[in-house]
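> Pasting structure34.cif here (mmCIF, C-alpha atoms):
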```cif
data_target
loop_
_atom_site.label_atom_id
_atom_site.label_comp_id
_atom_site.auth_asym_id
_atom_site.auth_seq_id
_atom_site.Cartn_x
_atom_site.Cartn_y
_atom_site.Cartn_z
CA MET A 1 30.63 40.80 34.59
CA GLN A 2 30.82 39.07 31.17
CA LEU A 3 27.83 36.75 30.66
CA GLU A 4 27.65 33.33 29.01
CA VAL A 5 24.68 32.33 26.84
CA ASN A 6 23.18 29.36 28.70
CA TYR A 7 20.03 28.57 30.68
CA ARG A 8 21.81 28.81 34.03
CA GLU A 9 23.03 32.35 33.29
CA ILE A 10 19.59 33.36 32.00
CA MET A 11 17.89 32.15 35.19
CA LYS A 12 20.59 33.78 37.32
CA ILE A 13 19.66 37.15 35.79
CA ALA A 14 15.91 36.59 35.47
CA GLY A 15 15.24 35.05 38.90
CA PRO A 16 15.89 38.13 41.06
CA ILE A 17 14.23 40.36 38.44
CA CYS A 18 11.19 38.10 38.61
CA LEU A 19 11.04 38.50 42.37
CA ALA A 20 11.41 42.27 42.03
CA LEU A 21 8.62 42.43 39.46
CA ILE A 22 6.35 40.28 41.59
CA ILE A 23 6.37 42.94 44.30
CA PRO A 24 4.57 45.75 42.45
CA GLN A 25 2.10 43.18 41.17
CA ILE A 26 1.46 41.92 44.69
CA ASN A 27 1.07 45.58 45.67
CA HIS A 28 -1.64 45.91 43.05
CA ILE A 29 -3.28 42.63 44.07
CA THR A 30 -3.27 43.75 47.71
CA ASN A 31 -4.80 47.13 46.83
CA THR A 32 -7.38 45.54 44.54
CA ALA A 33 -8.30 42.78 47.01
CA PHE A 34 -8.75 45.20 49.91
CA LEU A 35 -10.66 47.71 47.78
CA GLY A 36 -12.82 44.91 46.37
CA ARG A 37 -14.07 44.38 49.92
CA LEU A 38 -15.28 47.99 49.91
CA GLY A 39 -17.28 47.62 46.70
CA GLU A 40 -17.50 47.59 42.91
CA PHE A 41 -17.15 51.39 42.71
CA GLU A 42 -13.75 51.38 44.47
CA LEU A 43 -12.52 48.66 42.10
CA ALA A 44 -13.57 50.73 39.10
CA ALA A 45 -12.02 53.99 40.32
CA ASN A 46 -8.77 52.25 41.29
CA GLY A 47 -8.60 50.77 37.79
CA ILE A 48 -8.55 54.17 36.09
CA ALA A 49 -6.31 55.94 38.63
CA GLY A 50 -3.90 52.99 38.82
CA ILE A 51 -3.42 52.91 35.05
CA TYR A 52 -2.78 56.67 35.01
CA TYR A 53 -0.03 56.27 37.60
CA LEU A 54 1.37 53.40 35.56
CA VAL A 55 1.68 55.81 32.62
CA MET A 56 3.74 58.18 34.79
CA TYR A 57 5.75 55.21 36.10
CA MET A 58 6.77 54.41 32.52
CA ILE A 59 9.06 57.45 32.62
CA ALA A 60 10.99 55.77 35.43
CA TYR A 61 10.78 52.34 33.82
CA GLY A 62 11.94 53.62 30.42
CA LEU A 63 14.90 55.40 31.99
CA ASN A 64 15.61 52.22 33.95
CA ASN A 65 15.71 50.14 30.76
CA GLY A 66 17.96 52.60 28.96
CA MET A 67 20.35 52.74 31.92
CA GLN A 68 20.28 48.96 32.12
CA VAL A 69 21.33 48.65 28.45
CA LEU A 70 24.17 51.16 28.93
CA ILE A 71 25.41 49.69 32.24
CA ALA A 72 25.30 46.14 30.85
CA ARG A 73 27.33 47.32 27.84
CA ARG A 74 29.93 48.94 30.12
CA ALA A 75 29.96 45.78 32.23
CA GLY A 76 30.66 43.68 29.14
CA GLN A 77 33.49 46.11 28.30
CA GLN A 78 34.63 46.05 31.97
CA GLN A 79 34.52 49.86 32.25
CA TYR A 80 33.83 50.41 35.96
CA SER A 81 34.17 54.18 35.93
CA GLY A 82 31.76 54.36 32.99
CA ILE A 83 29.13 52.71 35.19
CA GLY A 84 29.71 55.35 37.87
CA GLN A 85 29.30 58.18 35.36
CA LEU A 86 26.04 56.74 34.10
CA PHE A 87 24.63 56.23 37.60
CA SER A 88 25.57 59.68 38.93
CA ASN A 89 24.06 61.50 35.98
CA GLY A 90 21.12 59.11 35.73
CA ILE A 91 19.80 59.80 39.22
CA GLN A 92 19.88 63.55 38.60
CA LEU A 93 18.09 63.16 35.28
CA GLY A 94 15.53 60.85 36.89
CA LEU A 95 14.66 63.33 39.63
CA VAL A 96 14.13 66.10 37.07
CA PHE A 97 11.79 63.87 35.07
CA SER A 98 9.82 62.84 38.16
CA PHE A 99 9.16 66.42 39.29
CA ILE A 100 8.08 67.39 35.76
CA ALA A 101 5.62 64.47 35.87
CA ILE A 102 4.30 65.68 39.25
CA ILE A 103 3.70 69.20 37.91
CA ILE A 104 1.92 67.83 34.82
CA THR A 105 -0.25 65.56 36.96
CA LEU A 106 -1.32 68.19 39.48
CA SER A 107 -2.11 70.75 36.80
CA ALA A 108 -3.48 68.70 33.89
CA ALA A 109 -4.78 65.32 35.18
CA PRO A 110 -8.07 66.70 36.64
CA TRP A 111 -8.88 68.40 33.34
CA PHE A 112 -8.07 65.25 31.36
CA PHE A 113 -10.18 63.01 33.61
CA SER A 114 -13.11 65.44 33.42
CA LYS A 115 -13.07 65.33 29.62
CA SER A 116 -12.63 61.58 29.24
CA LEU A 117 -14.67 59.93 32.04
CA HIS A 118 -18.48 59.75 31.94
CA ASP A 119 -19.14 58.87 35.60
CA LYS A 120 -18.74 61.95 37.83
CA HIS A 121 -18.16 59.90 41.01
CA ILE A 122 -15.40 57.81 39.40
CA TYR A 123 -13.82 61.05 38.14
CA GLU A 124 -13.77 62.61 41.64
CA ALA A 125 -12.38 59.47 43.26
CA ALA A 126 -9.67 59.01 40.59
CA VAL A 127 -8.47 62.62 40.86
CA SER A 128 -8.34 62.45 44.66
CA PHE A 129 -6.36 59.19 44.49
CA ILE A 130 -3.81 60.34 41.90
CA ARG A 131 -3.09 63.64 43.68
CA ILE A 132 -1.71 61.55 46.56
CA ARG A 133 -0.23 58.68 44.57
CA ILE A 134 1.95 60.81 42.29
CA TRP A 135 4.21 61.83 45.21
CA GLY A 136 5.69 58.35 45.24
CA LEU A 137 7.26 58.91 41.81
CA PRO A 138 10.59 60.49 42.96
CA PHE A 139 11.18 57.55 45.34
CA LEU A 140 10.25 55.11 42.59
CA MET A 141 12.59 56.86 40.16
CA LEU A 142 15.56 56.53 42.52
CA LEU A 143 14.64 52.92 43.24
CA ASN A 144 14.60 52.20 39.51
CA MET A 145 18.01 53.80 39.04
CA SER A 146 19.47 51.52 41.71
CA ASN A 147 17.73 48.51 40.14
CA ALA A 148 19.21 49.38 36.74
CA PHE A 149 22.65 49.35 38.34
CA TYR A 150 22.09 46.05 40.16
CA ILE A 151 20.75 44.28 37.06
CA GLY A 152 23.14 45.78 34.50
CA SER A 153 26.24 45.10 36.61
CA GLY A 154 25.26 41.52 37.44
CA HIS A 155 24.14 42.03 41.08
CA SER A 156 20.44 41.43 40.49
CA LYS A 157 20.07 39.26 43.63
CA VAL A 158 20.00 42.50 45.67
CA LEU A 159 16.57 43.24 44.21
CA ALA A 160 15.07 40.53 46.42
CA ALA A 161 15.78 42.41 49.65
CA THR A 162 14.45 45.76 48.44
CA SER A 163 11.36 44.17 46.96
CA LEU A 164 10.44 42.19 50.08
CA CYS A 165 10.80 45.22 52.36
CA GLN A 166 8.68 47.28 50.00
CA GLU A 167 5.94 44.65 49.82
CA PHE A 168 5.69 44.02 53.56
CA THR A 169 5.34 47.76 54.09
CA ASN A 170 2.65 48.06 51.42
CA ILE A 171 0.50 45.21 52.74
CA ALA A 172 0.66 46.47 56.32
CA MET A 173 -0.09 50.10 55.43
CA ASP A 174 -2.87 49.07 53.02
CA TYR A 175 -4.66 47.20 55.79
CA LEU A 176 -4.16 49.95 58.36
CA LEU A 177 -5.09 52.92 56.17
CA ILE A 178 -7.85 51.51 53.95
CA PHE A 179 -9.83 50.11 56.89
CA GLY A 180 -8.60 52.46 59.65
CA LYS A 181 -6.94 50.02 62.06
CA LEU A 182 -4.77 50.68 65.15
CA GLY A 183 -6.24 54.14 65.59
CA LEU A 184 -5.32 55.34 62.11
CA PRO A 185 -7.93 57.15 59.97
CA GLN A 186 -10.09 55.06 57.61
CA LEU A 187 -9.12 56.51 54.23
CA GLY A 188 -10.67 53.93 51.89
CA LEU A 189 -9.41 54.33 48.31
CA ASN A 190 -7.01 57.12 49.29
CA GLY A 191 -5.54 54.84 51.95
CA ALA A 192 -4.22 52.62 49.15
CA ALA A 193 -2.53 55.67 47.60
CA VAL A 194 -0.82 56.71 50.85
CA ALA A 195 0.29 53.12 51.52
CA SER A 196 1.89 52.83 48.08
CA VAL A 197 3.84 56.09 48.53
CA ILE A 198 5.18 54.89 51.91
CA ALA A 199 6.12 51.52 50.37
CA GLU A 200 8.03 53.15 47.49
CA ALA A 201 9.94 55.36 49.93
CA THR A 202 10.83 52.23 51.91
CA GLY A 203 12.11 50.46 48.78
CA PHE A 204 14.30 53.45 47.90
CA ILE A 205 15.78 53.64 51.41
CA VAL A 206 16.62 49.93 51.47
CA ALA A 207 18.12 49.96 47.95
CA PHE A 208 20.44 52.88 48.69
CA THR A 209 21.35 51.52 52.11
CA ILE A 210 22.59 48.35 50.39
CA LEU A 211 24.55 50.46 47.89
CA PHE A 212 26.55 51.95 50.75
CA ALA A 213 26.64 48.92 53.06
CA GLY A 214 27.95 46.71 50.23
CA LYS A 215 30.46 49.41 49.21
CA TYR A 216 29.14 49.34 45.64
CA HIS A 217 29.39 53.14 45.65
CA LEU A 218 33.18 52.87 46.10
CA ARG A 219 33.81 49.95 43.73
CA TYR A 220 31.95 51.59 40.83
CA GLN A 221 32.40 55.28 41.81
CA LEU A 222 28.62 55.65 41.77
CA PHE A 223 28.60 59.10 43.33
CA GLY A 224 31.97 60.19 42.01
CA PHE A 225 30.58 62.10 39.03
CA LEU A 226 27.83 64.26 40.54
CA ARG A 227 28.88 67.23 38.47
CA ILE A 228 26.61 66.99 35.42
CA SER A 229 28.30 65.75 32.24
CA TRP A 230 26.18 66.80 29.29
CA LYS A 231 27.93 64.20 27.14
CA VAL A 232 26.82 61.43 29.51
CA ILE A 233 23.33 62.94 29.86
CA TRP A 234 23.03 63.01 26.08
CA ASN A 235 24.17 59.39 25.88
CA ILE A 236 21.54 58.36 28.45
CA LEU A 237 18.81 60.32 26.66
CA ASN A 238 19.90 59.03 23.25
CA VAL A 239 19.23 55.48 24.44
CA SER A 240 16.48 56.07 27.03
CA ALA A 241 14.28 58.75 25.45
CA PRO A 242 12.93 56.48 22.68
CA ILE A 243 12.26 53.78 25.32
CA ILE A 244 10.41 56.26 27.55
CA VAL A 245 8.28 57.45 24.64
CA GLN A 246 7.77 53.81 23.61
CA PHE A 247 6.48 52.85 27.06
CA LEU A 248 4.34 55.99 27.27
CA PHE A 249 2.72 54.96 23.99
CA SER A 250 2.33 51.39 25.21
CA ILE A 251 0.79 52.07 28.63
CA GLY A 252 -0.89 55.23 27.38
CA SER A 253 -2.81 53.10 24.90
CA TRP A 254 -3.77 50.80 27.77
CA PHE A 255 -5.02 53.85 29.69
CA VAL A 256 -7.16 54.81 26.67
CA PHE A 257 -8.38 51.19 26.58
CA PHE A 258 -9.60 51.51 30.19
CA ILE A 259 -11.32 54.80 29.34
CA PHE A 260 -13.14 52.98 26.52
CA ILE A 261 -14.10 50.27 29.02
CA GLU A 262 -15.41 52.93 31.45
CA HIS A 263 -17.79 54.01 28.70
CA LEU A 264 -19.26 50.47 28.77
CA GLY A 265 -20.14 50.88 32.46
CA GLU A 266 -18.91 50.42 36.03
CA ARG A 267 -19.04 46.60 35.98
CA PRO A 268 -16.84 46.05 32.87
CA LEU A 269 -14.33 48.50 34.41
CA ALA A 270 -14.31 46.63 37.74
CA VAL A 271 -13.89 43.28 35.92
CA SER A 272 -11.04 44.66 33.80
CA ASN A 273 -9.22 45.90 36.92
CA MET A 274 -9.38 42.38 38.41
CA LEU A 275 -8.13 40.83 35.17
CA ARG A 276 -5.27 43.34 34.92
CA SER A 277 -4.23 42.31 38.41
CA ILE A 278 -4.34 38.56 37.74
CA PHE A 279 -2.53 38.60 34.41
CA GLY A 280 -0.14 41.29 35.61
CA LEU A 281 1.01 38.94 38.36
CA PHE A 282 1.48 35.92 36.11
CA GLY A 283 2.98 38.06 33.34
CA ILE A 284 6.02 38.79 35.51
CA PHE A 285 7.67 35.59 34.27
CA THR A 286 7.62 36.93 30.72
CA TRP A 287 8.72 40.43 31.74
CA SER A 288 11.59 39.19 33.91
CA LEU A 289 12.85 37.00 31.07
CA ALA A 290 12.45 39.95 28.68
CA ALA A 291 14.59 42.08 31.03
CA ALA A 292 17.17 39.28 31.12
CA CYS A 293 17.14 39.22 27.31
CA ASN A 294 17.78 42.97 27.23
CA THR A 295 20.78 42.63 29.56
CA MET A 296 22.22 39.48 27.97
CA VAL A 297 22.02 40.77 24.39
CA SER A 298 23.67 44.06 25.34
CA ASN A 299 26.36 42.27 27.35
CA VAL A 300 27.37 39.78 24.64
CA ILE A 301 27.49 42.56 22.04
CA GLY A 302 29.75 44.48 24.44
CA GLN A 303 32.01 41.40 24.50
CA GLY A 304 32.16 41.46 20.70
CA LYS A 305 30.12 38.23 20.36
CA SER A 306 27.25 39.35 18.13
CA GLU A 307 26.84 35.83 16.77
CA GLN A 308 25.44 34.79 20.17
CA VAL A 309 22.50 37.22 20.03
CA PHE A 310 20.08 34.85 18.26
CA PRO A 311 20.94 31.79 20.40
CA ALA A 312 20.33 33.92 23.51
CA ILE A 313 16.94 35.16 22.26
CA ARG A 314 15.84 31.64 21.25
CA LYS A 315 16.70 30.17 24.65
CA ILE A 316 14.87 32.96 26.48
CA VAL A 317 11.79 32.69 24.22
CA ALA A 318 11.61 28.95 24.97
CA LEU A 319 11.65 29.59 28.73
CA SER A 320 9.11 32.40 28.44
CA LEU A 321 6.69 30.28 26.40
CA LEU A 322 7.01 27.38 28.84
CA CYS A 323 6.11 29.68 31.74
CA ALA A 324 3.18 31.21 29.84
CA VAL A 325 1.69 27.82 28.93
CA THR A 326 1.92 26.70 32.57
CA VAL A 327 0.31 29.92 33.81
CA CYS A 328 -2.55 29.75 31.30
CA ILE A 329 -3.36 26.17 32.31
CA ILE A 330 -3.48 27.16 36.00
CA ILE A 331 -5.66 30.23 35.38
CA ASN A 332 -8.14 28.35 33.22
CA LEU A 333 -8.39 25.45 35.66
CA PHE A 334 -8.99 27.66 38.70
CA PRO A 335 -10.53 30.95 37.52
CA TYR A 336 -13.18 31.13 40.26
CA THR A 337 -10.59 30.56 42.99
CA LEU A 338 -8.40 33.37 41.69
CA LEU A 339 -11.28 35.83 41.24
CA LYS A 340 -12.58 35.21 44.76
CA ILE A 341 -9.38 36.90 46.00
CA TYR A 342 -10.90 40.17 44.78
CA THR A 343 -14.63 39.82 45.29
CA THR A 344 -17.35 37.58 46.67
CA ASN A 345 -19.84 38.91 44.11
CA ASN A 346 -20.71 35.85 41.98
CA ASP A 347 -22.20 37.94 39.17
CA LEU A 348 -18.95 39.91 38.90
CA ILE A 349 -16.94 36.67 38.80
CA ALA A 350 -19.20 35.14 36.12
CA ALA A 351 -18.81 38.29 33.99
CA ALA A 352 -15.02 37.91 34.06
CA ILE A 353 -14.76 34.27 32.88
CA PRO A 354 -15.16 34.81 29.08
CA SER A 355 -12.48 37.52 29.11
CA ILE A 356 -10.08 35.22 31.00
CA ARG A 357 -10.26 32.73 28.11
CA VAL A 358 -9.40 35.43 25.57
CA ILE A 359 -6.57 36.99 27.58
CA SER A 360 -5.02 33.54 28.17
CA LEU A 361 -4.47 33.09 24.44
CA SER A 362 -2.98 36.57 23.99
CA THR A 363 -0.63 35.86 26.92
CA LEU A 364 1.01 33.06 24.88
CA LEU A 365 1.63 35.51 22.06
CA MET A 366 3.00 38.08 24.51
CA ALA A 367 5.47 35.49 25.89
CA VAL A 368 7.22 35.39 22.53
CA SER A 369 6.76 38.97 21.30
CA ALA A 370 7.91 40.73 24.51
CA VAL A 371 11.20 38.81 24.57
CA VAL A 372 11.91 39.45 20.88
CA LEU A 373 11.17 43.16 21.38
CA SER A 374 13.61 43.22 24.33
CA GLY A 375 16.19 41.61 22.06
CA VAL A 376 15.91 44.66 19.81
CA LEU A 377 16.26 46.89 22.88
CA GLY A 378 19.45 45.08 23.88
CA THR A 379 21.06 45.91 20.52
CA GLY A 380 20.90 49.57 21.52
CA ASN A 381 18.66 50.71 18.65
CA THR A 382 15.93 52.09 20.87
CA ARG A 383 14.50 54.14 18.01
CA MET A 384 13.47 50.90 16.33
CA ASN A 385 11.65 49.92 19.51
CA LEU A 386 9.83 53.25 19.40
CA ILE A 387 8.81 52.85 15.75
CA THR A 388 7.58 49.31 16.47
CA GLU A 389 5.57 50.54 19.45
CA ILE A 390 3.94 53.40 17.55
CA VAL A 391 2.79 51.10 14.73
CA ALA A 392 1.48 48.52 17.24
CA VAL A 393 -0.39 51.17 19.28
CA ILE A 394 -2.05 52.59 16.16
CA GLY A 395 -3.36 49.12 15.31
CA TYR A 396 -4.41 48.54 18.94
CA LEU A 397 -6.34 51.82 19.28
CA ALA A 398 -7.99 51.39 15.88
CA TYR A 399 -9.33 48.02 17.06
CA CYS A 400 -10.52 49.56 20.37
CA ASP A 401 -12.32 52.39 18.58
CA ILE A 402 -14.14 50.05 16.22
CA VAL A 403 -14.91 47.12 18.54
CA ILE A 404 -15.53 48.94 21.86
CA GLU A 405 -16.57 52.51 21.10
CA ARG A 406 -18.49 52.00 17.87
CA MET A 407 -19.75 48.39 18.05
CA ARG A 408 -20.17 48.33 21.87
CA SER A 409 -19.05 44.70 21.84
CA PRO A 410 -18.96 42.45 24.94
CA LEU A 411 -15.93 42.82 27.21
CA GLN A 412 -14.16 39.67 26.00
CA TRP A 413 -14.04 41.03 22.45
CA ALA A 414 -12.58 44.28 23.75
CA TRP A 415 -9.64 42.33 25.21
CA GLY A 416 -9.03 40.89 21.72
CA ALA A 417 -7.11 44.13 21.05
CA ASP A 418 -4.08 42.47 22.64
CA PHE A 419 -3.80 40.08 19.69
CA ILE A 420 -3.42 42.97 17.23
CA TYR A 421 -0.81 44.62 19.43
CA TRP A 422 1.44 41.60 20.01
CA ILE A 423 1.29 40.34 16.42
CA ILE A 424 2.56 43.69 15.14
CA ILE A 425 5.26 43.80 17.85
CA PHE A 426 6.55 40.36 16.91
CA LEU A 427 6.58 40.88 13.15
CA LEU A 428 8.43 44.21 13.18
CA SER A 429 10.94 43.13 15.87
CA TYR A 430 11.71 39.81 14.20
CA LEU A 431 12.19 41.39 10.78
CA TYR A 432 14.57 43.98 12.22
CA LEU A 433 16.70 41.40 14.03
CA ARG A 434 16.86 39.23 10.90
CA SER A 435 17.99 42.24 8.82
CA GLY A 436 21.26 42.49 10.79
CA LYS A 437 21.17 46.31 10.70
CA TRP A 438 21.92 46.41 14.43
CA LYS A 439 25.40 44.92 14.04
CA GLY A 440 28.25 47.32 14.74
CA LYS A 441 26.06 49.89 16.52
CA GLU A 442 27.91 51.56 19.41
CA ILE A 443 26.26 53.18 22.42
#
```
Any chance you could put this one into structure tokens?


Amino acid sequence: MQLEVNYREIMKIAGPICLALIIPQINHITNTAFLGRLGEFELAANGIAGIYYLVMYMIAYGLNNGMQVLIARRAGQQQYSGIGQLFSNGIQLGLVFSFIAIIITLSAAPWFFSKSLHDKHIYEAAVSFIRIRIWGLPFLMLLNMSNAFYIGSGHSKVLAATSLCQEFTNIAMDYLLIFGKLGLPQLGLNGAAVASVIAEATGFIVAFTILFAGKYHLRYQLFGFLRISWKVIWNILNVSAPIIVQFLFSIGSWFVFFIFIEHLGERPLAVSNMLRSIFGLFGIFTWSLAAACNTMVSNVIGQGKSEQVFPAIRKIVALSLLCAVTVCIIINLFPYTLLKIYTTNNDLIAAAIPSIRVISLSTLLMAVSAVVLSGVLGTGNTRMNLITEIVAVIGYLAYCDIVIERMRSPLQWAWGADFIYWIIIFLLSYLYLRSGKWKGKEI
């Protein structure tokens, strides 16, 4: 369970994570492609509702990242029982968080949408969608806890099986429920919500079945500490809470961005939903390598080899940038082909092309900045990640307010906000790592 800093080890960690991250993106592509066949309105409504759910998902993802850091550290220290304590308490904490998110959504989301969205029909469709979609969060939370264990303990290849089962379920149920096939009701937009909930439940069932079938629960005592330990809970929250807040700021700002776009009209919102889907899919290479950076940095520090942190980050940045350059070339060579997955409306496709050029450039910046930020996360100083995120989001939203809300600029200039965000992320993360203040920090 002690990692070596080399390209083979990096790819060994990142490969299965990449496959796991592809699945939710393919889920989104499937939803968007099917809904695009229904019309521009469904694309627009799905864009707003989908981003809201992504905000709620960040609670699970932030807890996942914190657990991953802690489990990787215990793996580097070869403390098997420590992994069991973290897992047992983590799943209980995760379920509490997910049900709090459900209560907040059912009680406050309709009010928030009514105050922020201008189009009444988009508001009604988004509220109807999210009231169904939010019930997948407990399953997603448990799935993320199992993924944190698999990645942090060096068994990330298991993610492939859970991800494939989840995706096959989602595609099948999307087709059946959106269009009403095999005697099932035609639910349209809400069919995508029901399909996603069923798919997340499937992923959870498969992940936990493997835990027991592979006897991981015995080897690491995963369910041997179900009595709550407030010391362990505090340790998880101490690391995870700043990450959760960080991700809520990050995706929350993206949600606000989509609200600004909705103010520009239905078409810019529909275009932005397609672009989010395309670049979300290709961005998984960067995010999987960033997750590998998180795990590797934490692991080598746990081994007492802090001098290997910078070599690890440099190697992962090189791989991430190589992937991003390749992706940007492909997208810019075949933009029409990719966009026709979502719509046959040529005017809608033409409206998306200028924004594709802008987002391609910001993707190169993201390839470097996201990995460096994950390097900071791996050191265990999650509060620094939070501070970095807050500063970046302030700059991002200030740009959105000026360029979109006040100047009413074309859509491609709106997407220029990503440049502000990733430049700030890189500068603050790099300066912190160079300062060396993270050395000697125990978690």

> Given the file shown, enumerate the residues that the PyMOL selection byres ((chain A and resi 356) around 9) captures and present them as a list in words.

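This file, filtered by the PyMOL selection byres ((chain A and resi 356) around 9), leaves Leu275, Phe279, Ile331, Asn332, Pro335, Ala352, Ile353, Pro354, Ser355, Arg357, Val358, Ile359, Ser360, Leu361 and Gln412 of chain A.
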
> If the PyMOL selection byres ((chain A and resi 260) around 12) were run on this exact file, what residues would it hold? Put them as a PyMOL selection string.

chain A and resi 48+116-118+253-259+261-266+268-269+272+397-409+411+414-415

> What does the PyMOL selection byres ((chain A and resi 381-394) around 7) select in this file, as number ranges by chain?

A: 239, 242-243, 245-246, 249-250, 253, 376-377, 379-380, 395-398, 421, 424-425, 428, 438

> Counting only C-alpha atoms, which residue out of A:Ala213, A:Ile29, A:Arg227, A:Val69 sits closest to A:Leu43?

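Looking only at the distances to A:Leu43, the closest residue turns out to be A:Ile29.
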
> Would you mind reading off the distance between atom CA of A:Tyr342 and atom CA of A:Gly50, one decimal, in Å?

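These two atoms are separated by 15.8 Å.
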
> Between A:Met145, A:Met58, A:Leu364, A:Ala350, which one has atoms that come closest to A:Leu319, using all atoms listed in the file?

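That would be A:Leu364, the residue with the smallest distance to A:Leu319.
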
> Show me, as a ChimeraX atom specification, the residues that have an atom within 10 Å of A:Thr363 when counting all atoms listed in the file, minus same-chain residues fewer than 5 positions from it.

/A:279,282-283,286,321,324-325,327-328,358,368-369,418-419,422

> Interatomic distance between atom CA of A:Lys181 and atom CA of A:Leu140?

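Going from atom CA of A:Lys181 over to atom CA of A:Leu140 covers 26.5 Å.
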
> From the options A:Ala160, A:Leu187, A:Ile100, A:Ile198, which residue's atoms come nearest to A:Ala172, counting all atoms listed in the file?

A:Ile198

> Do a neighbour search on A:Gly214 at 12 Å with all atoms listed in the file, toss out local chain neighbours closer than 6 positions, and write the hits as a ChimeraX atom specification.

/A:150,155,158,206-208,220

> Can you write out as a Markdown table which residues of stretch 294-382 of chain A fall within 8 Å of stretch 72-84 of chain A, alongside each residue's closest atom pair and its distance in Å to one decimal, counting only C-alpha atoms and ordering rows by chain and ascending residue number?


```
| residue | atom | partner | partner_atom | distance |
| --- | --- | --- | --- | --- |
| A:Thr295 | CA | A:Ala72 | CA | 5.9 |
| A:Met296 | CA | A:Ala72 | CA | 7.9 |
| A:Ser298 | CA | A:Arg73 | CA | 5.5 |
| A:Asn299 | CA | A:Gly76 | CA | 4.9 |
| A:Val300 | CA | A:Gly76 | CA | 6.8 |
| A:Ile301 | CA | A:Arg73 | CA | 7.5 |
| A:Gly302 | CA | A:Gly76 | CA | 4.9 |
| A:Gln303 | CA | A:Gly76 | CA | 5.3 |
```

> Between atom CA of A:Asn65 and atom CA of A:Ala199, measure the distance and give it in Å to one decimal.

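We find that atom CA of A:Asn65 and atom CA of A:Ala199 lie 21.9 Å from each other.
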
> Smallest atom-to-atom distance to A:Glu167: which of A:Ala291, A:Ile26, A:Val96, A:Ala60, using only C-alpha atoms?

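When distances to A:Glu167 are compared using only C-alpha atoms, the smallest one comes from A:Ile26.
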
> Can you fill out stretch 411-424 of chain A with N, CA and C atoms and hand it back as an mmCIF file, keeping the file's coordinate frame?


```cif
data_model
loop_
_atom_site.group_PDB
_atom_site.id
_atom_site.type_symbol
_atom_site.label_atom_id
_atom_site.label_comp_id
_atom_site.auth_asym_id
_atom_site.auth_seq_id
_atom_site.Cartn_x
_atom_site.Cartn_y
_atom_site.Cartn_z
ATOM 1 N N LEU A 411 -17.262 42.551 26.663
ATOM 2 C CA LEU A 411 -15.930 42.820 27.210
ATOM 3 C C LEU A 411 -14.862 41.888 26.650
ATOM 4 N N GLN A 412 -15.190 40.603 26.466
ATOM 5 C CA GLN A 412 -14.160 39.670 26.000
ATOM 6 C C GLN A 412 -13.636 40.029 24.613
ATOM 7 N N TRP A 413 -14.502 40.605 23.771
ATOM 8 C CA TRP A 413 -14.040 41.030 22.450
ATOM 9 C C TRP A 413 -13.177 42.283 22.540
ATOM 10 N N ALA A 414 -13.433 43.105 23.541
ATOM 11 C CA ALA A 414 -12.580 44.280 23.750
ATOM 12 C C ALA A 414 -11.146 43.854 24.041
ATOM 13 N N TRP A 415 -10.978 42.806 24.870
ATOM 14 C CA TRP A 415 -9.640 42.330 25.210
ATOM 15 C C TRP A 415 -8.933 41.662 24.029
ATOM 16 N N GLY A 416 -9.650 41.421 22.938
ATOM 17 C CA GLY A 416 -9.030 40.890 21.720
ATOM 18 C C GLY A 416 -8.036 41.868 21.103
ATOM 19 N N ALA A 417 -8.063 43.134 21.552
ATOM 20 C CA ALA A 417 -7.110 44.130 21.050
ATOM 21 C C ALA A 417 -5.665 43.702 21.281
ATOM 22 N N ASP A 418 -5.439 42.917 22.345
ATOM 23 C CA ASP A 418 -4.080 42.470 22.640
ATOM 24 C C ASP A 418 -3.489 41.647 21.508
ATOM 25 N N PHE A 419 -4.314 40.894 20.796
ATOM 26 C CA PHE A 419 -3.800 40.080 19.690
ATOM 27 C C PHE A 419 -3.201 40.969 18.597
ATOM 28 N N ILE A 420 -3.913 42.033 18.257
ATOM 29 C CA ILE A 420 -3.420 42.970 17.230
ATOM 30 C C ILE A 420 -2.081 43.551 17.658
ATOM 31 N N TYR A 421 -2.010 43.972 18.907
ATOM 32 C CA TYR A 421 -0.810 44.620 19.430
ATOM 33 C C TYR A 421 0.408 43.695 19.370
ATOM 34 N N TRP A 422 0.277 42.486 19.908
ATOM 35 C CA TRP A 422 1.440 41.600 20.010
ATOM 36 C C TRP A 422 1.858 40.995 18.673
ATOM 37 N N ILE A 423 0.920 40.825 17.754
ATOM 38 C CA ILE A 423 1.290 40.340 16.420
ATOM 39 C C ILE A 423 2.162 41.363 15.707
ATOM 40 N N ILE A 424 1.768 42.627 15.779
ATOM 41 C CA ILE A 424 2.560 43.690 15.140
ATOM 42 C C ILE A 424 3.938 43.798 15.796
#
```
